[in-house]
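**Q** Supplied structure: upload-v1.txt, compact mmCIF, C-alpha atoms.
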# COMPACT_ATOMS: atom_id res chain seq x y z
CA MET A 1 12.87 -45.90 -54.43
CA ALA A 2 13.61 -42.21 -53.94
CA THR A 3 14.86 -40.29 -56.94
CA ALA A 4 17.96 -38.09 -56.92
CA PHE A 5 18.06 -34.86 -58.90
CA ASP A 6 21.04 -32.97 -60.26
CA LEU A 7 20.67 -29.21 -59.91
CA ASP A 8 22.71 -28.65 -63.06
CA ASP A 9 20.13 -30.61 -65.04
CA LEU A 10 17.39 -28.31 -63.82
CA ASN A 11 18.81 -25.00 -65.07
CA GLY A 12 17.41 -25.31 -68.56
CA ALA A 13 13.96 -26.34 -67.35
CA ILE A 14 13.43 -23.76 -64.63
CA THR A 15 12.26 -20.21 -65.17
CA PRO A 16 14.76 -18.00 -63.36
CA GLY A 17 13.54 -15.91 -60.48
CA ARG A 18 12.96 -12.25 -61.21
CA VAL A 19 14.60 -9.50 -59.20
CA PRO A 20 11.73 -7.83 -57.29
CA ALA A 21 10.83 -4.31 -58.47
CA ARG A 22 11.20 -3.02 -54.94
CA LEU A 23 14.79 -4.25 -54.82
CA VAL A 24 15.54 -2.66 -58.20
CA TRP A 25 14.25 0.71 -57.02
CA LEU A 26 16.10 0.49 -53.70
CA SER A 27 19.40 -0.34 -55.40
CA ALA A 28 19.05 2.53 -57.89
CA VAL A 29 18.10 5.01 -55.18
CA ALA A 30 21.00 3.88 -52.97
CA LEU A 31 23.50 4.22 -55.83
CA TRP A 32 22.45 7.74 -56.81
CA LEU A 33 22.09 8.95 -53.23
CA CYS A 34 25.67 7.84 -52.68
CA TYR A 35 26.66 9.83 -55.79
CA PHE A 36 24.73 12.87 -54.53
CA VAL A 37 26.39 12.79 -51.11
CA LEU A 38 29.92 12.40 -52.50
CA VAL A 39 29.53 15.14 -55.12
CA THR A 40 27.95 17.48 -52.58
CA LEU A 41 30.83 16.95 -50.14
CA ARG A 42 33.33 17.58 -52.94
CA SER A 43 31.59 20.83 -53.86
CA LEU A 44 31.52 21.90 -50.23
CA VAL A 45 35.28 21.42 -49.93
CA ILE A 46 36.41 22.73 -53.34
CA ASP A 47 34.00 25.64 -53.99
CA PRO A 48 31.80 26.49 -51.01
CA GLN A 49 30.74 29.80 -52.62
CA LEU A 50 28.64 27.95 -55.20
CA PHE A 51 27.35 25.32 -52.81
CA GLY A 52 23.82 26.72 -52.61
CA GLN A 53 23.51 27.42 -56.33
CA LEU A 54 24.64 23.95 -57.35
CA MET A 55 22.30 22.11 -54.94
CA LEU A 56 19.10 22.22 -57.04
CA PRO A 57 20.75 21.16 -60.35
CA ARG A 58 22.48 18.36 -58.47
CA VAL A 59 19.14 17.14 -57.08
CA VAL A 60 17.69 17.23 -60.61
CA VAL A 61 20.61 15.19 -61.94
CA THR A 62 20.25 12.65 -59.09
CA VAL A 63 16.52 12.18 -59.66
CA ALA A 64 17.12 11.83 -63.40
CA GLY A 65 19.81 9.25 -62.68
CA ILE A 66 17.40 7.18 -60.59
CA VAL A 67 14.67 7.34 -63.23
CA VAL A 68 16.98 6.49 -66.16
CA THR A 69 18.62 3.66 -64.21
CA VAL A 70 15.28 2.06 -63.35
CA ALA A 71 14.13 2.62 -66.95
CA THR A 72 16.90 0.30 -68.15
CA TRP A 73 15.61 -2.50 -65.91
CA PRO A 74 12.79 -3.79 -68.19
CA ILE A 75 15.33 -4.04 -71.04
CA LEU A 76 17.91 -5.84 -68.91
CA ARG A 77 15.22 -8.18 -67.63
CA ARG A 78 14.61 -9.47 -71.15
CA PHE A 79 18.06 -11.04 -71.04
CA ASP A 80 17.63 -12.80 -67.67
CA GLU A 81 17.26 -16.20 -69.35
CA ARG A 82 20.28 -15.72 -71.61
CA PRO A 83 23.82 -16.97 -70.85
CA PHE A 84 25.85 -14.81 -68.49
CA GLY A 85 28.14 -13.51 -71.25
CA ALA A 86 25.17 -12.34 -73.31
CA ARG A 87 23.73 -10.56 -70.27
CA VAL A 88 27.00 -8.73 -69.64
CA ALA A 89 27.25 -7.67 -73.30
CA ALA A 90 23.65 -6.46 -73.22
CA ALA A 91 24.34 -4.38 -70.12
CA LEU A 92 27.40 -2.76 -71.75
CA VAL A 93 25.34 -1.78 -74.80
CA ILE A 94 22.16 -0.71 -72.99
CA MET A 95 23.98 1.58 -70.58
CA LEU A 96 25.72 3.56 -73.37
CA PRO A 97 22.68 5.56 -74.60
CA ALA A 98 21.50 5.87 -71.01
CA SER A 99 24.79 7.53 -70.04
CA ILE A 100 24.57 9.93 -73.00
CA LEU A 101 21.05 10.88 -71.94
CA LEU A 102 22.23 11.55 -68.38
CA ALA A 103 25.12 13.67 -69.67
CA ALA A 104 22.63 15.78 -71.66
CA VAL A 105 20.41 16.13 -68.58
CA ASN A 106 23.46 17.16 -66.57
CA GLN A 107 24.40 19.94 -69.05
CA GLN A 108 20.83 21.19 -69.22
CA ALA A 109 20.51 21.24 -65.44
CA PHE A 110 23.73 23.23 -65.00
CA ALA A 111 23.24 25.45 -68.09
CA PRO A 112 21.84 28.48 -66.16
CA ILE A 113 24.76 28.41 -63.75
CA ALA A 114 27.23 28.02 -66.62
CA LYS A 115 25.70 31.02 -68.36
CA GLN A 116 25.93 33.05 -65.18
CA LEU A 117 29.56 32.07 -64.65
CA ASN A 118 30.47 32.91 -68.25
CA ALA A 119 28.86 36.34 -67.88
CA SER A 120 30.71 36.84 -64.64
CA GLY A 121 33.92 35.92 -66.42
CA VAL A 122 33.32 38.61 -69.05
CA LYS A 123 32.75 41.21 -66.35
CA GLU A 124 35.93 40.18 -64.60
CA ASP A 125 37.82 40.56 -67.86
CA SER A 126 36.46 44.09 -68.38
CA LYS A 127 37.11 45.15 -64.82
CA SER A 128 40.53 43.61 -64.40
CA ASP A 129 43.04 45.99 -62.84
CA SER A 130 45.92 47.44 -64.76
CA ALA A 131 48.45 45.21 -63.03
CA ALA A 132 46.71 42.10 -64.25
CA ALA A 133 46.32 43.61 -67.70
CA LYS A 134 49.99 44.52 -67.84
CA ALA A 135 50.89 41.01 -66.77
CA GLY A 136 48.69 39.71 -69.55
CA ILE A 137 46.42 37.72 -67.22
CA ARG A 138 42.66 37.36 -67.54
CA PHE A 139 40.39 35.39 -65.23
CA GLY A 140 37.21 33.44 -65.90
CA ARG A 141 35.32 30.31 -64.89
CA ASP A 142 34.02 27.29 -66.75
CA MET A 143 30.52 25.84 -66.33
CA ALA A 144 31.69 23.59 -63.50
CA GLY A 145 32.88 26.63 -61.53
CA ASN A 146 36.62 26.01 -62.00
CA LEU A 147 38.87 29.08 -62.33
CA LEU A 148 40.36 29.74 -65.78
CA VAL A 149 43.54 31.81 -66.30
CA ASP A 150 44.34 33.23 -69.75
CA VAL A 151 47.96 34.34 -70.27
CA ASP A 152 48.92 36.46 -73.31
CA ASP A 153 52.28 36.82 -75.08
CA SER A 154 53.90 39.15 -72.57
CA GLY A 155 55.71 38.33 -69.35
CA LYS A 156 55.26 34.76 -68.25
CA ALA A 157 53.44 34.03 -71.45
CA ALA A 158 56.77 33.66 -73.17
CA ASN A 159 57.23 30.19 -71.67
CA TYR A 160 53.74 29.27 -72.83
CA ASP A 161 54.40 30.60 -76.31
CA LYS A 162 57.64 28.67 -76.60
CA GLN A 163 55.61 25.54 -76.14
CA LEU A 164 53.59 26.56 -79.18
CA GLY A 165 56.79 26.92 -81.16
CA GLU A 166 55.99 30.47 -82.34
CA LYS A 167 54.74 33.88 -81.23
CA ILE A 168 51.03 34.46 -81.80
CA SER A 169 49.01 37.64 -82.03
CA PRO A 170 46.10 38.57 -79.78
CA GLU A 171 43.70 38.00 -82.67
CA GLN A 172 45.11 34.52 -83.16
CA ARG A 173 44.87 33.92 -79.46
CA ALA A 174 41.22 34.93 -79.44
CA ILE A 175 40.48 32.48 -82.24
CA ILE A 176 42.38 29.76 -80.39
CA ASN A 177 40.52 30.52 -77.16
CA ARG A 178 37.16 30.30 -78.89
CA LYS A 179 38.22 26.99 -80.41
CA LEU A 180 39.41 25.68 -77.06
CA ALA A 181 36.14 26.80 -75.46
CA SER A 182 34.05 24.94 -78.01
CA GLU A 183 36.22 21.85 -77.70
CA GLY A 184 36.03 22.15 -73.93
CA LEU A 185 32.23 21.79 -74.00
CA LEU A 186 32.47 18.63 -76.11
CA ARG A 187 35.23 17.28 -73.91
CA GLN A 188 33.23 18.06 -70.79
CA PHE A 189 30.13 16.37 -72.23
CA THR A 190 32.21 13.32 -73.13
CA ASP A 191 33.79 13.16 -69.67
CA ILE A 192 30.39 13.39 -68.00
CA ALA A 193 28.96 10.71 -70.30
CA PHE A 194 31.83 8.34 -69.52
CA GLY A 195 31.46 9.01 -65.80
CA ARG A 196 27.74 8.23 -65.93
CA TYR A 197 28.44 5.16 -68.07
CA PHE A 198 30.72 3.60 -65.49
CA LEU A 199 28.22 4.50 -62.76
CA LEU A 200 25.45 2.74 -64.67
CA ILE A 201 27.70 -0.22 -65.37
CA ALA A 202 28.32 -0.53 -61.64
CA TRP A 203 24.56 -0.67 -61.08
CA ALA A 204 24.18 -3.19 -63.93
CA ALA A 205 26.80 -5.40 -62.24
CA LEU A 206 24.79 -5.20 -59.03
CA TYR A 207 21.63 -6.11 -60.93
CA LEU A 208 23.32 -9.12 -62.54
CA ALA A 209 24.48 -10.29 -59.11
CA LEU A 210 20.94 -9.92 -57.73
CA ALA A 211 19.50 -11.74 -60.77
CA ASN A 212 21.98 -14.60 -60.29
CA GLY A 213 20.97 -14.83 -56.65
CA GLU A 214 17.28 -14.97 -57.57
CA ARG A 215 18.05 -17.57 -60.24
CA LEU A 216 19.86 -19.74 -57.72
CA ARG A 217 16.99 -19.45 -55.26
CA ALA A 218 14.52 -20.36 -58.03
CA VAL A 219 16.60 -23.44 -58.89
CA GLU A 220 16.75 -24.43 -55.23
CA ARG A 221 12.99 -23.96 -54.82
CA SER A 222 12.24 -25.98 -57.95
CA ALA A 223 14.67 -28.71 -56.92
CA GLY A 224 13.00 -28.83 -53.52
CA GLU A 225 9.58 -29.09 -55.15
CA LEU A 226 10.80 -31.92 -57.35
CA ARG A 227 12.25 -33.73 -54.34
CA ARG A 228 8.98 -33.26 -52.46
CA ALA A 229 7.05 -34.51 -55.49
CA ALA A 230 9.29 -37.59 -55.68
CA LYS A 231 8.83 -38.19 -51.97
CA ALA A 232 5.06 -37.81 -52.31
CA ALA A 233 5.07 -40.26 -55.22
CA GLU A 234 7.05 -42.73 -53.12
CA LEU A 235 4.64 -42.39 -50.20
CA ARG A 236 1.67 -42.73 -52.53
CA SER A 237 3.12 -45.84 -54.13
CA LEU A 238 3.82 -47.45 -50.79
CA ARG A 239 0.38 -46.56 -49.52
CA TYR A 240 -1.28 -48.04 -52.59
CA GLN A 241 0.55 -51.31 -51.95
CA VAL A 242 -1.65 -51.73 -48.89
CA ASN A 243 -5.01 -51.58 -50.65
CA PRO A 244 -4.61 -54.57 -53.02
CA HIS A 245 -3.61 -56.87 -50.13
CA PHE A 246 -6.60 -55.78 -48.11
CA LEU A 247 -8.99 -56.02 -51.04
CA PHE A 248 -7.73 -59.51 -51.93
CA ASN A 249 -8.20 -60.75 -48.36
CA THR A 250 -11.65 -59.23 -47.91
CA LEU A 251 -12.89 -60.52 -51.27
CA ASN A 252 -11.71 -64.02 -50.30
CA SER A 253 -13.60 -63.71 -47.02
CA LEU A 254 -16.69 -62.41 -48.82
CA SER A 255 -16.52 -65.29 -51.32
CA ALA A 256 -16.31 -67.80 -48.50
CA GLN A 257 -19.40 -66.30 -46.86
CA VAL A 258 -21.41 -66.42 -50.09
CA MET A 259 -20.34 -69.96 -50.95
CA SER A 260 -21.30 -71.17 -47.49
CA GLY A 261 -24.75 -69.60 -47.80
CA ARG A 262 -24.21 -67.07 -45.03
CA THR A 263 -25.89 -64.26 -46.93
CA ASP A 264 -26.61 -62.13 -43.86
CA ALA A 265 -22.95 -62.22 -42.84
CA ALA A 266 -21.93 -61.48 -46.42
CA GLU A 267 -24.24 -58.45 -46.51
CA ARG A 268 -22.81 -57.12 -43.27
CA MET A 269 -19.34 -57.65 -44.63
CA ILE A 270 -20.17 -55.71 -47.82
CA GLN A 271 -21.48 -52.80 -45.75
CA THR A 272 -18.40 -52.82 -43.57
CA ILE A 273 -16.09 -52.97 -46.61
CA SER A 274 -17.95 -50.00 -48.05
CA SER A 275 -17.46 -48.03 -44.83
CA PHE A 276 -13.80 -49.01 -44.71
CA TYR A 277 -13.04 -47.84 -48.25
CA ARG A 278 -15.10 -44.67 -47.87
CA HIS A 279 -13.05 -43.88 -44.79
CA SER A 280 -9.66 -44.83 -46.22
CA LEU A 281 -10.02 -43.33 -49.69
CA ALA A 282 -11.26 -39.99 -48.39
CA ASN A 283 -7.77 -39.05 -47.23
CA ASP A 284 -4.75 -37.96 -49.24
CA PRO A 285 -2.53 -41.06 -49.50
CA THR A 286 0.54 -38.94 -48.75
CA ALA A 287 -0.96 -37.11 -45.78
CA ASP A 288 -0.94 -37.94 -42.10
CA VAL A 289 -4.16 -38.72 -40.24
CA PRO A 290 -5.08 -38.39 -36.57
CA LEU A 291 -4.36 -41.53 -34.60
CA VAL A 292 -8.04 -41.76 -33.64
CA ASP A 293 -8.94 -42.07 -37.36
CA GLU A 294 -6.30 -44.73 -37.92
CA MET A 295 -7.69 -46.73 -35.00
CA GLU A 296 -11.22 -46.35 -36.34
CA LEU A 297 -10.03 -47.69 -39.70
CA GLN A 298 -8.53 -50.75 -38.04
CA ARG A 299 -11.76 -51.34 -36.13
CA HIS A 300 -13.57 -51.43 -39.49
CA TYR A 301 -11.09 -53.93 -40.84
CA LEU A 302 -11.21 -56.16 -37.78
CA ALA A 303 -15.01 -56.05 -37.89
CA ILE A 304 -14.81 -57.41 -41.44
CA GLU A 305 -12.46 -60.18 -40.36
CA ALA A 306 -14.64 -60.92 -37.33
CA VAL A 307 -17.36 -62.06 -39.73
CA ARG A 308 -14.85 -64.53 -41.11
CA PHE A 309 -13.53 -65.63 -37.68
CA PRO A 310 -16.41 -65.03 -35.28
CA ASP A 311 -15.11 -67.38 -32.60
CA ARG A 312 -11.38 -66.93 -32.97
CA LEU A 313 -10.75 -63.21 -33.35
CA LEU A 314 -10.60 -61.07 -30.23
CA THR A 315 -9.45 -57.44 -30.24
CA GLU A 316 -8.09 -54.93 -27.75
CA PHE A 317 -7.40 -51.23 -28.25
CA ASP A 318 -5.33 -49.27 -25.78
CA VAL A 319 -5.05 -45.65 -26.94
CA PRO A 320 -4.91 -42.89 -24.32
CA LYS A 321 -7.23 -39.96 -24.98
CA ALA A 322 -4.29 -37.58 -24.99
CA LEU A 323 -2.73 -39.37 -27.97
CA GLU A 324 -5.79 -39.48 -30.20
CA SER A 325 -4.78 -36.21 -31.90
CA ALA A 326 -1.25 -37.44 -32.72
CA CYS A 327 -0.52 -37.63 -36.45
CA VAL A 328 0.48 -40.88 -38.15
CA PRO A 329 0.79 -41.96 -41.80
CA GLY A 330 -2.58 -43.21 -43.03
CA MET A 331 -3.11 -47.00 -42.88
CA ILE A 332 0.35 -47.47 -41.39
CA LEU A 333 -1.01 -50.24 -39.13
CA GLN A 334 -2.94 -52.08 -41.84
CA PRO A 335 -0.16 -54.45 -43.03
CA LEU A 336 0.64 -55.35 -39.42
CA VAL A 337 -2.96 -56.17 -38.54
CA GLU A 338 -3.27 -58.19 -41.75
CA ASN A 339 -0.17 -60.18 -40.76
CA SER A 340 -1.72 -60.98 -37.40
CA ILE A 341 -4.89 -62.19 -39.09
CA LYS A 342 -3.03 -64.27 -41.66
CA TYR A 343 -0.29 -65.80 -39.53
CA ALA A 344 -1.92 -65.92 -36.10
CA VAL A 345 -5.71 -66.11 -36.31
CA SER A 346 -5.82 -68.25 -39.48
CA ALA A 347 -3.06 -70.55 -38.26
CA THR A 348 -4.87 -71.85 -35.18
CA ARG A 349 -8.25 -73.06 -34.01
CA ARG A 350 -8.13 -71.38 -30.65
CA PRO A 351 -9.08 -67.76 -29.94
CA VAL A 352 -6.36 -65.21 -30.70
CA THR A 353 -6.28 -61.68 -29.34
CA ILE A 354 -4.93 -58.87 -31.48
CA ARG A 355 -3.91 -55.92 -29.36
CA ILE A 356 -3.24 -52.42 -30.73
CA ALA A 357 -1.70 -49.97 -28.28
CA ALA A 358 -0.23 -46.47 -28.30
CA ARG A 359 2.01 -44.68 -25.82
CA GLU A 360 4.37 -41.75 -25.62
CA ALA A 361 8.03 -42.24 -24.70
CA GLY A 362 10.63 -39.48 -24.69
CA GLY A 363 8.71 -37.27 -27.08
CA MET A 364 8.18 -40.17 -29.50
CA LEU A 365 4.96 -41.95 -30.40
CA VAL A 366 5.15 -45.72 -29.95
CA LEU A 367 2.55 -47.94 -31.63
CA THR A 368 2.37 -51.68 -31.00
CA VAL A 369 0.48 -54.39 -32.87
CA ALA A 370 0.74 -57.71 -31.05
CA ASP A 371 -1.01 -61.06 -31.04
CA ASP A 372 -0.86 -64.16 -28.87
CA GLY A 373 -1.07 -66.61 -31.76
CA PRO A 374 1.41 -69.36 -32.67
CA ALA A 375 5.11 -68.59 -32.45
CA SER A 376 6.55 -66.98 -35.57
CA GLY A 377 9.58 -67.90 -37.59
CA GLU A 378 12.53 -65.73 -38.46
CA PRO A 379 12.46 -62.31 -36.75
CA GLY A 380 10.97 -59.65 -38.98
CA ILE A 381 9.35 -62.19 -41.36
CA PRO A 382 6.38 -64.16 -40.07
CA LYS A 383 6.48 -67.90 -40.67
CA GLY A 384 5.41 -68.67 -44.22
CA GLY A 385 5.45 -65.00 -45.17
CA THR A 386 7.62 -62.85 -47.39
CA GLY A 387 7.94 -59.80 -45.16
CA ILE A 388 6.26 -57.50 -47.71
CA GLY A 389 4.01 -55.95 -45.08
CA LEU A 390 6.85 -55.13 -42.70
CA SER A 391 9.00 -53.87 -45.56
CA ASN A 392 6.21 -51.55 -46.66
CA VAL A 393 5.85 -50.13 -43.17
CA ARG A 394 9.60 -49.60 -42.82
CA GLN A 395 9.83 -47.79 -46.16
CA ARG A 396 6.87 -45.55 -45.39
CA LEU A 397 8.24 -44.56 -42.00
CA SER A 398 11.66 -43.93 -43.51
CA ALA A 399 10.16 -41.81 -46.31
CA ARG A 400 8.09 -39.81 -43.84
CA PHE A 401 10.44 -39.43 -40.86
CA GLY A 402 13.89 -40.48 -42.08
CA ASP A 403 16.07 -42.13 -39.47
CA ALA A 404 13.66 -41.05 -36.72
CA GLY A 405 11.13 -43.67 -37.82
CA LYS A 406 11.91 -47.18 -36.60
CA VAL A 407 10.30 -50.62 -36.83
CA GLU A 408 11.10 -53.49 -34.46
CA SER A 409 9.40 -56.87 -34.65
CA GLY A 410 9.81 -60.36 -33.30
CA PRO A 411 8.25 -63.19 -31.29
CA LEU A 412 7.15 -62.56 -27.72
CA PRO A 413 8.58 -64.61 -24.79
CA ALA A 414 5.15 -65.80 -23.75
CA GLY A 415 4.14 -66.65 -27.29
CA GLY A 416 2.79 -64.61 -30.11
CA TYR A 417 4.31 -61.89 -32.19
CA ALA A 418 4.66 -58.12 -31.85
CA THR A 419 5.70 -55.22 -34.04
CA VAL A 420 6.61 -51.86 -32.52
CA LEU A 421 6.63 -48.61 -34.53
CA THR A 422 8.48 -45.60 -33.17
CA MET A 423 8.08 -42.18 -34.79
CA PRO A 424 8.32 -38.51 -33.80
CA MET A 425 5.33 -37.11 -32.01
CA VAL A 426 3.50 -34.78 -34.42
CA ARG A 427 0.40 -32.90 -33.37
CA ASN A 428 -2.10 -30.44 -34.89
CA GLU A 429 -0.79 -30.93 -38.44
CA CYS A 430 -3.31 -33.48 -39.71
CA CYS A 431 -6.66 -32.12 -38.53
Show me, as structure tokens, the structure contained in the file I just sent.

**A**
Amino acid sequence: MATAFDLDDLNGAITPGRVPARLVWLSAVALWLCYFVLVTLRSLVIDPQLFGQLMLPRVVVTVAGIVVTVATWPILRRFDERPFGARVAAALVIMLPASILLAAVNQQAFAPIAKQLNASGVKEDSKSDSAAAKAGIRFGRDMAGNLLVDVDDSGKAANYDKQLGEKISPEQRAIINRKLASEGLLRQFTDIAFGRYFLLIAWAALYLALANGERLRAVERSAGELRRAAKAAELRSLRYQVNPHFLFNTLNSLSAQVMSGRTDAAERMIQTISSFYRHSLANDPTADVPLVDEMELQRHYLAIEAVRFPDRLLTEFDVPKALESACVPGMILQPLVENSIKYAVSATRRPVTIRIAAREAGGMLVLTVADDGPASGEPGIPKGGTGIGLSNVRQRLSARFGDAGKVESGPLPAGGYATVLTMPMVRNECC
């Protein structure tokens, strides 16, 4: 009766889980803090003289990196429901303008230091000693703080000039240097942009992994909800099987009372039926009820049947006070009590006692419905019956407790019939 679900069939029908904003921020902060630490350590090793000056621009670049990275999140999130390939392509495209923006922020943040270094380079050129001038060497620095060496046509410059294929004049060299300087800025901007691009792509890959994880958890949650819904539907269906049997039997009894002119008994029976249904229908058919409520429900039912069999039906209840709060499936005893009425009380003219008992054994709750009526037929199926009641009880216990719920039934040595239900002891979950 249970329904199986294929998780693959659920993917198209389930809204994927969203990566929490807190996790997005934490991942972006962690990525850029790692960048900040590594770049700071590199600066400390390579150029400790500029360590203090470069700290503030580096902090600005790191904060900008965090903000720009998180700013790409709402755009990436729009592709969460798309196929994985489309999400990867979107990440590659989205991160390109973001990396260019970060490269521009980087150049603006370091522009004052670059200007200072360029001015320092000019001063060094003007104050270079005669030995350096005679050797044709000039010193300077680029905006990243790296040392630049300019070699003219004399001395060692001959090897450099041979690579050019011809001798060049100082004026030509100046033009070439200016051209190289301008191209160096573009090259540096491009290098920074590519570096930021791959950094953002790394974060995008992390985001995709987190989104996949959330999607999988959403699928698992939805599949669990569907399984629980199927289980609830099964329990509800099994529970509703009980009511028609009871209603049929009670209406037959009520008809017999009316036809025999026993109007007072019929009126009492109607009132008792009303109390029974008010009590039974008030509960969720898939929920457990306290054992004390289940026993009260069976007392109502047996009171109805006592009108029908005033001289033949005797009842006993043996439920320890400590077990009254134990939780059991609602109306789980009803089919068993009905069987005792139908196949024991109705089948004989002598008094029959129906006994309902509860006990605890090894952490399990054991419920027994027994009668001392005529001997039954085949074990598990009362004589003349179809076994529908027992089957219903077995299925309900299996649906509720799995293999931990058991049903054993059969004739008693001294006569009569008994059914024993064994289920896990559950407390304080049905109040």

**Q** Give the answer as one residue: which of A:Ile100, A:Leu206, A:Ala303, A:Leu254 has the shortest atom-to-atom distance to Thr190 (chain A), using all atoms listed in the file?

**A**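 For Thr190 (chain A), the nearest of the candidates is A:Ile100.
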
**Q** Please check which residues have atoms at most 12 Å from (26.5, 0.8, -60.6) in the file's coordinates, counting all atoms listed in the file, and write them as a compact mmCIF listing (two decimals) with C-alpha atoms, in the frame of the given file.

**A**
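What follows is the written file out.txt:
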# COMPACT_ATOMS: atom_id res chain seq x y z
CA VAL A 24 15.54 -2.66 -58.20
CA SER A 27 19.40 -0.34 -55.40
CA ALA A 28 19.05 2.53 -57.89
CA VAL A 29 18.10 5.01 -55.18
CA ALA A 30 21.00 3.88 -52.97
CA LEU A 31 23.50 4.22 -55.83
CA TRP A 32 22.45 7.74 -56.81
CA LEU A 33 22.09 8.95 -53.23
CA CYS A 34 25.67 7.84 -52.68
CA TYR A 35 26.66 9.83 -55.79
CA GLY A 65 19.81 9.25 -62.68
CA ILE A 66 17.40 7.18 -60.59
CA THR A 69 18.62 3.66 -64.21
CA VAL A 70 15.28 2.06 -63.35
CA ALA A 91 24.34 -4.38 -70.12
CA LEU A 92 27.40 -2.76 -71.75
CA MET A 95 23.98 1.58 -70.58
CA SER A 99 24.79 7.53 -70.04
CA GLY A 195 31.46 9.01 -65.80
CA ARG A 196 27.74 8.23 -65.93
CA TYR A 197 28.44 5.16 -68.07
CA PHE A 198 30.72 3.60 -65.49
CA LEU A 199 28.22 4.50 -62.76
CA LEU A 200 25.45 2.74 -64.67
CA ILE A 201 27.70 -0.22 -65.37
CA ALA A 202 28.32 -0.53 -61.64
CA TRP A 203 24.56 -0.67 -61.08
CA ALA A 204 24.18 -3.19 -63.93
CA ALA A 205 26.80 -5.40 -62.24
CA LEU A 206 24.79 -5.20 -59.03
CA TYR A 207 21.63 -6.11 -60.93
CA LEU A 208 23.32 -9.12 -62.54
CA ALA A 209 24.48 -10.29 -59.11

**Q** Compile the contact shell of Val60 (chain A) as a list of chain:residue names: residues with an atom at most 12 Å away, counting only C-alpha atoms, same-chain residues fewer than 5 positions apart removed.

**A**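 Using only C-alpha atoms, the neighbours found are A:Trp32, A:Leu33, A:Phe36, A:Leu54, A:Met55, A:Gly65, A:Ile66, A:Val67, A:Leu102, A:Val105, A:Asn106, A:Gln107, A:Gln108, A:Ala109, A:Phe110.
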
**Q** CA of Ser253 (chain A) and CA of Ala287 (chain A) are how many Å apart?

**A**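 Value for the CA of Ser253 (chain A)-CA of Ala287 (chain A) distance: 29.5 Å.
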
**Q** Quick check, in Å to one decimal: how far apart do CA of Asp371 (chain A) and CA of Glu338 (chain A) lie?

**A**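 Here the two named atoms are 11.3 Å from each other.
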
**Q** Measure the distance from CA of Val219 (chain A) to CA of Arg78 (chain A) in Å and round it to one decimal.

**A**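 Taking CA of Val219 (chain A) and CA of Arg78 (chain A), their separation equals 18.7 Å.
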
**Q** Choose the residue, out of A:Asp264, A:Glu324, A:Glu220, A:Glu408, that has the smallest atom-to-atom separation from Ala358 (chain A); count only C-alpha atoms.

**A**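 Ranked by minimum distance to Ala358 (chain A), first place goes to A:Glu324.
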
**Q** Please check which residues have atoms at most 9 Å from (17.1, -14.0, -61.6) in the file's coordinates, counting all atoms listed in the file, and write them as number ranges by chain.

**A** A: 15-19, 77, 80-81, 208-218

**Q** Show me, as a PyMOL selection string, the residues that have an atom within 12 Å of Asn252 (chain A) when counting all atoms listed in the file, minus same-chain residues fewer than 3 positions from it.

**A** chain A and resi 245-249+255-259+266+269+304-305+308

**Q** When you count only C-alpha atoms, which of these residues is closest to Gln395 (chain A): A:Ala306, A:Ala370, A:Ile332, A:Ala347?

**A**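 Answer, going by the shortest atom-to-atom distance: A:Ile332.
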
**Q** Using all atoms listed in the file, can you tell me which of A:Val369, A:Val289, A:Ala103, A:Val345 comes closest to Met331 (chain A)?

**A**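 Of A:Val369, A:Val289, A:Ala103, A:Val345, the one nearest Met331 (chain A), counting all atoms listed in the file, is A:Val289.
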
**Q** Write out as a ChimeraX atom specification which residues come within 10 Å of Ala418 (chain A) when counting only C-alpha atoms, dropping same-chain ones fewer than 3 positions away.

**A** /A:336,340,354-356,368-372,376,380,408-412,415

**Q** Mind checking which residues fall within 12 Å of Gly52 (chain A), counting only C-alpha atoms, ignoring those fewer than 6 positions away in the same chain, and posting them as a list of chain:residue names?

**A**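 Counting only C-alpha atoms, the residues come to A:Thr40, A:Ser43, A:Leu44, A:Arg58, A:Val59, A:Ile113.
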
**Q** Print the selection's residues with C-alpha atoms to a file, as a PDB file, in the frame of the given file.

**A**
ATOM      1  CA  THR A  40      27.950  17.480 -52.580  1.00  0.00           C
ATOM      2  CA  SER A  43      31.590  20.830 -53.860  1.00  0.00           C
ATOM      3  CA  LEU A  44      31.520  21.900 -50.230  1.00  0.00           C
ATOM      4  CA  ARG A  58      22.480  18.360 -58.470  1.00  0.00           C
ATOM      5  CA  VAL A  59      19.140  17.140 -57.080  1.00  0.00           C
ATOM      6  CA  ILE A 113      24.760  28.410 -63.750  1.00  0.00           C
TER       7      ILE A 113
END
